[in-house]
Amino acid sequence: DDPVFDAGYGSVLNADGEVEMDAVLCDGSSVDFGSVCAIRNIRHPISVARKVLEATSHCILVGDNAKKFALKHGFKHSPTSELVTADVQDEFKRMEKFEKSVNTIYNRKGLDHDTVGCVCRDAFGNIASGTSTGGITAKLPGRVGDSPIFGAGAYADSSTCGVSATGHGESILRTMLSARIAWGFREQQKQNIKKDVCYRPSSSGSNGSSVIEQELEVMLSMTGGRGGAIAVSAENGACSVFHTTSKMSWAAVSTEGVLVSGLGHRGSSSIGLVHDDDGGKNDQ
């Protein structure tokens with residue numbers, strides 16, 4: 001409901017002046033997910049994604065049928081006018097075509113673009129992650145980016161980590177960014193096991209952030225696309241963040257109420273909330 005984010009209320013407009021939204025919710029305990037793509041006129045797509053996860057044997061519903069599913073399960077129709085802000089309309093007028101949106105938002109120091117994502121870990125070590133977006137201004141109708149795709153816009157595996165990503169969707173899709181970050185976490189765990197040491201990122205979260213940085217740099221070199229990601233370790237709840245865009249807002253909180261946040265400049269990294277001796281069991 002916060003218009004700062006390009007998700008739900010505050011979503012951007014496609015080339016036809018309509019709002020089409022994507023969202024995914026991932027359950028790391030079962031390595032399962034629910035997703036909706038190009039859904040219209042629903043205020044909280046992430047809630048519909050959760051319903052897909054919990055109430056069906058499917059993973060992804062798209063377009064009009066995703067909306068029909070939502071209405072059948074009690075979600076209300078929201079006219080486009082109730083989802084669009086004045087700032088979104090002004091941005092739509094400034095963007096001549098999709099390529100200009102991409103160049104302005106991701107590859108130069110221009111407008112803000114705020115897909116919203118979250119990763120959390122409960123007291124039992126279970127991981128969940130989610131990502132929700134309205135996409136990119138002036139995108140082609142029906143375009144689906146990385147956000148609702150498991151392994152691209154988000155990933156959760158309670159044996160490894162949870163990830164949520166943002167940035168140029170096509171680049172994230174082509175490199176499966178979230179999955180690659182998770183694989184990096186897994187390789188670190190294997191290396192530390194071989195060395196007979198406990199995988200426990202430092203208070204700066206540097207280990208996890210170095211993995212995110214590496215995969216973002218790979219994506220940039222392979223596709224020219226920029227982005228950012230947040231991750232939470234399943235093993236101890238340590239939080240990590242890195243981005244190659246000009247800025248990315250983030251925040252993290254532990255169950256003890258420790259809150260840290262930032263905006264940062266391009267290439268800024270990381271955080272960590274693991275300072276105790278309980279193996280991080282109380283962090284999320």
# chains A, B, ... in the order shown; residues from 1 in each chain; ligands from 1
>>> residues_around(residues="Val84 of chain A", least_positions_apart="3", cutoff="10 Å", atoms="only C-alpha atoms", output="list in words")
Pro3, Asp6, Gly8, Tyr9, Gly10, Ser11, Val12, Leu13, Gly17, Glu18, Val19, Pro79, Thr80, Ser81, Asp87, Val88 and Gln89 of chain A
>>> write_last_selection(atoms="C-alpha atoms", output="PDB file, in the first residue's frame")
ATOM      1  CA  PRO A   3       3.274   4.276  -3.179  1.00  0.00           C
ATOM      2  CA  ASP A   6       6.540  -0.300  -7.600  1.00  0.00           C
ATOM      3  CA  GLY A   8       0.419  -3.023  -5.791  1.00  0.00           C
ATOM      4  CA  TYR A   9      -0.564   0.602  -5.195  1.00  0.00           C
ATOM      5  CA  GLY A  10       2.190   2.606  -6.886  1.00  0.00           C
ATOM      6  CA  SER A  11       2.840   0.151  -9.733  1.00  0.00           C
ATOM      7  CA  VAL A  12       4.042   1.588 -13.022  1.00  0.00           C
ATOM      8  CA  LEU A  13       2.106   1.613 -16.304  1.00  0.00           C
ATOM      9  CA  GLY A  17      -1.349   2.658 -19.805  1.00  0.00           C
ATOM     10  CA  GLU A  18      -2.428  -0.360 -17.750  1.00  0.00           C
ATOM     11  CA  VAL A  19      -1.049  -1.904 -14.566  1.00  0.00           C
ATOM     12  CA  PRO A  79      -9.774  -0.268 -10.714  1.00  0.00           C
ATOM     13  CA  THR A  80      -6.541   0.874 -12.334  1.00  0.00           C
ATOM     14  CA  SER A  81      -7.207   4.371 -11.025  1.00  0.00           C
ATOM     15  CA  ASP A  87       4.166  10.289  -9.946  1.00  0.00           C
ATOM     16  CA  VAL A  88       3.633   7.097 -11.945  1.00  0.00           C
ATOM     17  CA  GLN A  89       1.562   8.957 -14.522  1.00  0.00           C
TER      18      GLN A  89
END
>>> select_by_dssp(residues="segment 26-150 of chain A", states="strand (DSSP E)", output="ChimeraX atom specification")
/A:26-27,32-39,60-62,116-121,127-133
>>> closest_residue(among="A:Ser240, A:Thr56, A:Gln188, A:Ser209", to="Thr160 of chain A", atoms="only C-alpha atoms")
A:Gln188
>>> closest_residue(among="A:Ala128, A:Val31, A:Ile230, A:Ile181", to="Ser164 of chain A", atoms="only C-alpha atoms")
A:Ile230
>>> residues_around(residues="Gly208 of chain A", least_positions_apart="6", cutoff="9 Å", atoms="only C-alpha atoms", output="NGL selection string")
:A and (181 or 184-185 or 188 or 201 or 231-233 or 238-241 or 270)
>>> select_by_dssp(residues="segment 132-277 of chain A", states="helix (DSSP H, G or I)", output="MDAnalysis selection string")
chainID A and resid 169:175 177:194 206:223
>>> residues_around(residues="segment 66-77 of chain A", least_positions_apart="5", cutoff="10 Å", atoms="only C-alpha atoms", output="JSON, numbers by chain")
{"A": [35, 36, 37, 38, 39, 40, 41, 42, 43, 44, 45, 47, 48, 49, 51, 52, 55, 60, 61]}
>>> residues_around(residues="Arg50 of chain A", least_positions_apart="4", cutoff="7 Å", atoms="only C-alpha atoms", output="PyMOL selection string")
chain A and resi 25+34+46+54
>>> closest_residue(among="A:Cys59, A:Met248, A:Leu216, A:Ala152", to="Leu173 of chain A", atoms="only C-alpha atoms")
A:Ala152
